[in-house]
Amino acid sequence: MPGEKCCYRFLVTNIHLHYLSLSFDLQITFYSYESLDKTESEQRDVVFLLDGSDETLNGFEAMRDFVQRVVEKLTVEENKDRVSVVQYSREPEAHFYLNTYTTKEDVLDTVRGLRHKGGRPLNTGAALQYVRDNVFIDSSGSRRQEGIPQILILLSGGRSNDDVRNAVTNLKEIGVMAIVVGMRNADTLELQTISHEPSYAFSATHYNDLPNIQQQVVSAVERIEMTNTNLPTTLIGKTAIISYAVVGQFMPTAPTIGMCSLCSGKGSYLCYCMSFEETIDVCLSNDLASVPSLKSGFPFSLQPFFTFISESDKKDVVFLIDGSDDSRTGFAGIRSFAEKVVESLNVEENGDRVALVQYSRDATPNFYLNSYSSKNDVLNSIRSMRHKVGRLLNTGTALQFVRDTVFTASAGGRRAEGVPQYLFVFSGGRSSNDLRGPAQSLRRDGVRTFSFGTRNADTLELQNNSTLLTSDIQMVDGVDVVFLLDGSDKMRGSVQSIRDFLGQFVEHLEIGPDKTHVAVIQYSDKPTTNFLLNTYSSKSDIMAKVRNINLEGGRPLNTGEALDFVKKNVFTASSGSRLQEGIPQILILLSGEKSQDDVLVPSESLKAAGIMLLTVGVKDADGAEMRNIAYSPNQAHLLREFSDLSLVRQQLLSAIVSHKDAARPGLGEPQCEKRHCFPP
């Protein structure tokens, strides 16, 4: 209608690299835009999907109580909030649908009477597809076509036995926003893949921790509601699929768009494990004719891809290529890609070195890092390379081979000399053996990995293996950042993971006298200063320091005393803090166990001073303590292993950027990334 706005939503799918040219589809869904009144904004369709497998038997009562407490926060009526509960193990089973009950009491009575389903294995992918096909539909009470927010709350206690990726994509395509709670043996990476965005993935180390994250889940539901009050409400016609291609040499840039894209290529297509976190909504006035030309302007930012090319004069680069039967049709494309990378390198004995390994059941080196000292020799060997063939794909074995045999000094590896080491992994299918241990070992050794998937590659495996697959890389400027590290005895065995985390984080900071300042403090029974906010003014100096940082050890762990120390001795003008100048002050606490002293008083004192606290708890850290210390409960991140630290980096950076924009609204308007509006 005249005067109304038409909105359309972009969803990127089918991203391919084809002989170094990029192609992908844009799925565009058109909506009409209407203002929602307050009554409409309070409507939600909420579906609980509960892991009922044998693994959750002892925790099912706590899960049931959690659902009950969340429902109590909702306004359950036919024209307000609607609730459904589905339980699953091998197969899903609906206890009731969105239109089964219209009163809160009826919902609560049924929830209280839920019985544990039992069974194995845990097929989360099948369960996600089930709720998409059978619960989030009109006949089951879903009001998706009316623009009512569609919310899925998943409680999972283990890693899925089946593939979740297609089901996750299908849910996102119809606008379902997933909040995920992982317990005990749940897989952190899988949870983040399923969740609407990484900040909607929560972890409870034990079932009795569920009450501690209840409010975070309720807050996430409310954030989804607030987001949807400004979203279009009526679907117009069908979704359009528009193919888009960037043709030409595909170096040194490539899109970096959100969570990992699904690899669905055929033939010689090559899919880079890229990302896409959210759809992008675009509004224009009056009619569909004003849709901007995709050829003249593309709404996603292009970021540097092979940033390492100019990072160092010396590099050790290893290609690990799937030579199994699954990669036969894509082998020429992989070989061509490797050639292009080598052409960008300065291959010589005292410059860049290159090695190449093929694998299927086992790994076979084509040449080592010290086999050739000229670019022509390397290129000739790659061009004459034959496909290895073989049925089994043992990616874990191949990664371990590369670590133990190729990145070593005897094979030409120069890690001991401080030369950066890079690994390109090309995979055409799911690994027949576990690759997590070898991937973590490579990460601890400082090897930075790019993972590429051809045809049937497992995207979760690619993400788990990679250390440089980041989404929406942000450079943070104009803040004071203090790292407070648990340096106790229990942490010393994980020092390399902590170094890697600090180094990768600092890489995303714009360091300088008038830009971002960084300090590092560690503590056990007493705090000690590694360096203050005014000690270094260049990124290279800070990187050199954090990459070689040592943990001093000690016990017990007095986090409260350390928090008090940074307030009185680090966030001060004499130590370089610019608090009085209005520069945002950030404290990032990394802890591996529960504090022996009180943390509430010093953390509240820091908050009162305007300091934003972000907490990362690993292994034996106390979840409730981390949430109490944090600026807000959703700024507390809990991880099972130190090797998972890279998974929270982007969330921390995003939180800092959001805080900076809120704290200093007069110093530049935030970039509008998700909504692009065009004048009438």
# chains A, B, ... in the order shown; residues from 1 in each chain; ligands from 1

$ select_by_dssp --residues "region 472-660 of chain A" --states "strand (DSSP E or B)" --output "number ranges by chain"
A: 476, 480-486, 509, 511, 516-523, 527-531, 585-593, 611-620, 636-639

$ residues_around --residues "Asn569 (chain A)" --least-positions-apart "6" --cutoff "12 Å" --atoms "only C-alpha atoms" --output "compact mmCIF listing (two decimals) with N, CA and C atoms, in the first residue's frame"
# COMPACT_ATOMS: atom_id res chain seq x y z
N VAL A 482 42.26 -4.39 30.50
CA VAL A 482 43.12 -5.04 31.49
C VAL A 482 42.76 -6.52 31.55
N ALA A 519 46.86 -3.79 29.58
CA ALA A 519 47.64 -4.20 30.75
C ALA A 519 47.37 -5.66 31.03
N ILE A 521 47.74 -8.46 34.28
CA ILE A 521 48.02 -8.77 35.69
C ILE A 521 47.71 -10.24 35.90
N PRO A 527 48.40 -10.76 43.76
CA PRO A 527 48.51 -10.31 42.37
C PRO A 527 49.90 -9.78 42.06
N THR A 528 50.33 -9.96 40.81
CA THR A 528 51.60 -9.40 40.33
C THR A 528 51.36 -8.77 38.96
N THR A 529 52.11 -7.73 38.66
CA THR A 529 51.92 -6.98 37.43
C THR A 529 52.89 -7.45 36.35
N PHE A 531 52.51 -6.01 33.01
CA PHE A 531 52.74 -4.66 32.51
C PHE A 531 51.46 -3.85 32.66
N LEU A 532 51.62 -2.54 32.75
CA LEU A 532 50.50 -1.63 33.00
C LEU A 532 50.00 -1.01 31.70
N LEU A 533 48.95 -0.20 31.82
CA LEU A 533 48.32 0.41 30.66
C LEU A 533 49.24 1.38 29.93
N GLU A 561 40.94 -10.41 46.19
CA GLU A 561 42.09 -9.54 46.43
C GLU A 561 42.65 -9.01 45.11
N ALA A 562 42.66 -9.85 44.08
CA ALA A 562 43.17 -9.42 42.77
C ALA A 562 42.27 -8.35 42.15
N LEU A 563 40.96 -8.51 42.28
CA LEU A 563 40.03 -7.50 41.77
C LEU A 563 40.24 -6.16 42.48
N SER A 575 48.86 4.76 36.35
CA SER A 575 49.16 3.51 35.65
C SER A 575 48.70 3.53 34.20
N GLY A 576 48.22 4.69 33.75
CA GLY A 576 47.84 4.84 32.35
C GLY A 576 46.36 4.78 32.08
N SER A 577 45.53 4.60 33.10
CA SER A 577 44.09 4.56 32.88
C SER A 577 43.58 5.95 32.46

$ residues_around --residues "Leu639 (chain A)" --least-positions-apart "4" --cutoff "9 Å" --atoms "only C-alpha atoms" --output "list in words"
Thr188, Ser203, Thr205, Val616, Gly617, Val618, Lys619, Ala621, Asp644, Leu645, Leu647 and Val648 of chain A

$ write_last_selection --atoms "all heavy atoms" --output "tab-separated table (two decimals), in the first residue's frame"
chain	number	residue	atom	x	y	z
A	188	THR	N	30.48	-27.50	22.95
A	188	THR	CA	30.40	-26.04	22.90
A	188	THR	C	30.23	-25.54	21.48
A	188	THR	O	29.39	-24.66	21.22
A	188	THR	CB	31.67	-25.42	23.52
A	188	THR	OG1	31.82	-25.89	24.86
A	188	THR	CG2	31.58	-23.91	23.53
A	203	SER	N	26.09	-22.40	29.04
A	203	SER	CA	26.61	-23.67	29.54
A	203	SER	C	26.38	-23.79	31.04
A	203	SER	O	26.59	-22.83	31.79
A	203	SER	CB	28.12	-23.78	29.26
A	203	SER	OG	28.36	-23.82	27.88
A	205	THR	N	27.74	-26.32	33.90
A	205	THR	CA	28.68	-27.40	34.15
A	205	THR	C	27.99	-28.60	34.79
A	205	THR	O	28.27	-29.75	34.46
A	205	THR	CB	29.83	-26.92	35.04
A	205	THR	OG1	30.39	-25.74	34.46
A	205	THR	CG2	30.91	-27.98	35.16
A	616	VAL	N	35.71	-15.11	32.03
A	616	VAL	CA	35.83	-16.37	31.30
A	616	VAL	C	36.27	-17.42	32.32
A	616	VAL	O	37.37	-17.36	32.86
A	616	VAL	CB	36.86	-16.28	30.16
A	616	VAL	CG1	36.95	-17.62	29.44
A	616	VAL	CG2	36.51	-15.17	29.19
A	617	GLY	N	35.39	-18.37	32.58
A	617	GLY	CA	35.70	-19.44	33.52
A	617	GLY	C	35.97	-20.74	32.77
A	617	GLY	O	35.21	-21.11	31.87
A	618	VAL	N	37.06	-21.40	33.13
A	618	VAL	CA	37.46	-22.62	32.43
A	618	VAL	C	37.58	-23.77	33.43
A	618	VAL	O	38.01	-23.58	34.57
A	618	VAL	CB	38.80	-22.42	31.70
A	618	VAL	CG1	39.10	-23.61	30.79
A	618	VAL	CG2	38.78	-21.14	30.88
A	619	LYS	N	37.16	-24.97	33.00
A	619	LYS	CA	37.30	-26.20	33.77
A	619	LYS	C	36.63	-26.11	35.14
A	619	LYS	O	35.44	-26.20	35.25
A	619	LYS	CB	38.78	-26.60	33.88
A	619	LYS	CG	39.42	-26.92	32.53
A	619	LYS	CD	40.73	-27.65	32.63
A	619	LYS	CE	40.53	-29.12	32.94
A	619	LYS	NZ	41.77	-29.90	32.75
A	621	ALA	N	36.27	-23.58	37.20
A	621	ALA	CA	35.76	-22.27	37.63
A	621	ALA	C	34.31	-22.41	38.08
A	621	ALA	O	33.55	-23.25	37.58
A	621	ALA	CB	35.88	-21.27	36.49
A	644	ASP	N	39.39	-24.24	24.14
A	644	ASP	CA	38.17	-23.62	23.62
A	644	ASP	C	38.17	-22.10	23.77
A	644	ASP	O	37.18	-21.44	23.42
A	644	ASP	CB	36.94	-24.18	24.35
A	644	ASP	CG	36.67	-25.64	24.03
A	644	ASP	OD1	37.09	-26.08	22.95
A	644	ASP	OD2	36.06	-26.33	24.87
A	645	LEU	N	39.24	-21.52	24.28
A	645	LEU	CA	39.27	-20.07	24.52
A	645	LEU	C	38.98	-19.26	23.27
A	645	LEU	O	38.36	-18.19	23.34
A	645	LEU	CB	40.62	-19.66	25.12
A	645	LEU	CG	40.82	-19.95	26.61
A	645	LEU	CD1	42.27	-19.73	27.01
A	645	LEU	CD2	39.91	-19.06	27.45
A	647	LEU	N	36.86	-19.72	21.13
A	647	LEU	CA	35.43	-19.67	20.83
A	647	LEU	C	34.75	-18.46	21.42
A	647	LEU	O	33.67	-18.06	20.97
A	647	LEU	CB	34.75	-20.95	21.33
A	647	LEU	CG	35.24	-22.27	20.74
A	647	LEU	CD1	34.52	-23.44	21.37
A	647	LEU	CD2	35.05	-22.28	19.23
A	648	VAL	N	35.33	-17.85	22.46
A	648	VAL	CA	34.67	-16.70	23.11
A	648	VAL	C	35.30	-15.38	22.71
A	648	VAL	O	34.82	-14.32	23.11
A	648	VAL	CB	34.69	-16.83	24.65
A	648	VAL	CG1	33.96	-18.07	25.09
A	648	VAL	CG2	36.10	-16.81	25.20

$ residues_around --residues "Arg143 (chain A)" --least-positions-apart "4" --cutoff "12 Å" --atoms "only C-alpha atoms" --output "list in words"
Glu40, Gln43, Arg44, Asp45, Val46, Glu78, Asn79, Lys80, Asp81, Arg82, Val83, Leu98, Asn99, Val135, Phe136, Ile137, Asp138, Ser139, Gly147, Ile148, Pro149, Gln150, Ile151, Ile174, Gly175, Val176, Thr233 and Thr234 of chain A

$ residues_around --residues "region 504-510 of chain A" --least-positions-apart "3" --cutoff "12 Å" --atoms "only C-alpha atoms" --output "PyMOL selection string"
chain A and resi 307+311+443+446+448+467-470+472-483+497-501+513-520+537-547+588+645-654+656-657

$ select_by_dssp --residues "region 123-225 of chain A" --states "helix (DSSP H, G or I)" --output "PyMOL selection string"
chain A and resi 124-134+138-140+144-146+165-173+188-194+198-200+207-225

$ write_last_selection --atoms "C-alpha atoms" --output "compact mmCIF listing (two decimals), in the first residue's frame"
# COMPACT_ATOMS: atom_id res chain seq x y z
CA THR A 124 19.67 -33.58 17.91
CA GLY A 125 19.60 -32.92 14.17
CA ALA A 126 16.51 -35.08 13.70
CA ALA A 127 14.84 -33.41 16.69
CA LEU A 128 15.52 -29.91 15.32
CA GLN A 129 14.06 -30.91 11.96
CA TYR A 130 11.04 -32.39 13.74
CA VAL A 131 10.15 -29.16 15.56
CA ARG A 132 10.63 -27.27 12.31
CA ASP A 133 8.27 -29.56 10.36
CA ASN A 134 5.73 -30.43 13.08
CA ASP A 138 0.09 -23.23 11.60
CA SER A 139 -1.76 -26.44 12.42
CA SER A 140 0.25 -26.84 15.66
CA ARG A 144 4.93 -17.36 12.33
CA GLN A 145 2.94 -15.99 9.39
CA GLU A 146 1.56 -13.30 11.70
CA ARG A 165 23.66 -28.33 10.18
CA ASN A 166 20.83 -28.74 7.68
CA ALA A 167 18.18 -28.62 10.40
CA VAL A 168 19.73 -25.46 11.89
CA THR A 169 19.70 -23.79 8.48
CA ASN A 170 16.09 -24.83 7.91
CA LEU A 171 15.02 -23.35 11.25
CA LYS A 172 16.84 -20.09 10.59
CA GLU A 173 15.26 -19.83 7.16
CA THR A 188 30.40 -26.04 22.90
CA LEU A 189 30.94 -25.62 19.18
CA GLU A 190 27.74 -27.51 18.34
CA LEU A 191 25.78 -25.34 20.78
CA GLN A 192 27.05 -22.16 19.16
CA THR A 193 26.21 -23.53 15.72
CA ILE A 194 22.61 -24.23 16.75
CA PRO A 198 26.90 -17.25 19.99
CA SER A 199 25.70 -15.10 22.92
CA TYR A 200 22.51 -17.20 23.00
CA TYR A 207 22.54 -29.79 36.35
CA ASN A 208 22.25 -27.94 39.65
CA ASP A 209 23.72 -24.88 37.90
CA LEU A 210 20.59 -24.52 35.74
CA PRO A 211 18.85 -22.11 38.17
CA ASN A 212 21.86 -19.79 37.88
CA ILE A 213 21.36 -19.25 34.15
CA GLN A 214 17.57 -19.08 34.20
CA GLN A 215 17.54 -15.28 34.18
CA GLN A 216 20.02 -15.18 31.30
CA VAL A 217 17.70 -17.35 29.22
CA VAL A 218 14.67 -15.21 30.14
CA SER A 219 16.66 -12.09 29.21
CA ALA A 220 17.55 -13.66 25.87
CA VAL A 221 13.85 -14.36 25.22
CA GLU A 222 13.08 -10.72 26.00
CA ARG A 223 15.87 -9.50 23.71
CA ILE A 224 14.42 -11.58 20.89
CA GLU A 225 11.01 -10.05 21.55

$ atom_distance --atom1 "CA of Leu485 (chain A)" --atom2 "CA of Pro584 (chain A)"
20.2 Å

$ atom_distance --atom1 "CA of Gly396 (chain A)" --atom2 "CA of Pro420 (chain A)"
22.2 Å

$ residues_around --residues "region 375-380 of chain A" --least-positions-apart "6" --cutoff "9 Å" --atoms "only C-alpha atoms" --output "PyMOL selection string"
chain A and resi 338-339+342-343+345-348+354-355+367

$ atom_distance --atom1 "CA of Asp187 (chain A)" --atom2 "CA of Arg391 (chain A)"
27.9 Å

$ closest_residue --among "A:Glu93, A:Ser384, A:Val402, A:Leu590" --to "Tyr368 (chain A)" --atoms "only C-alpha atoms"
A:Val402
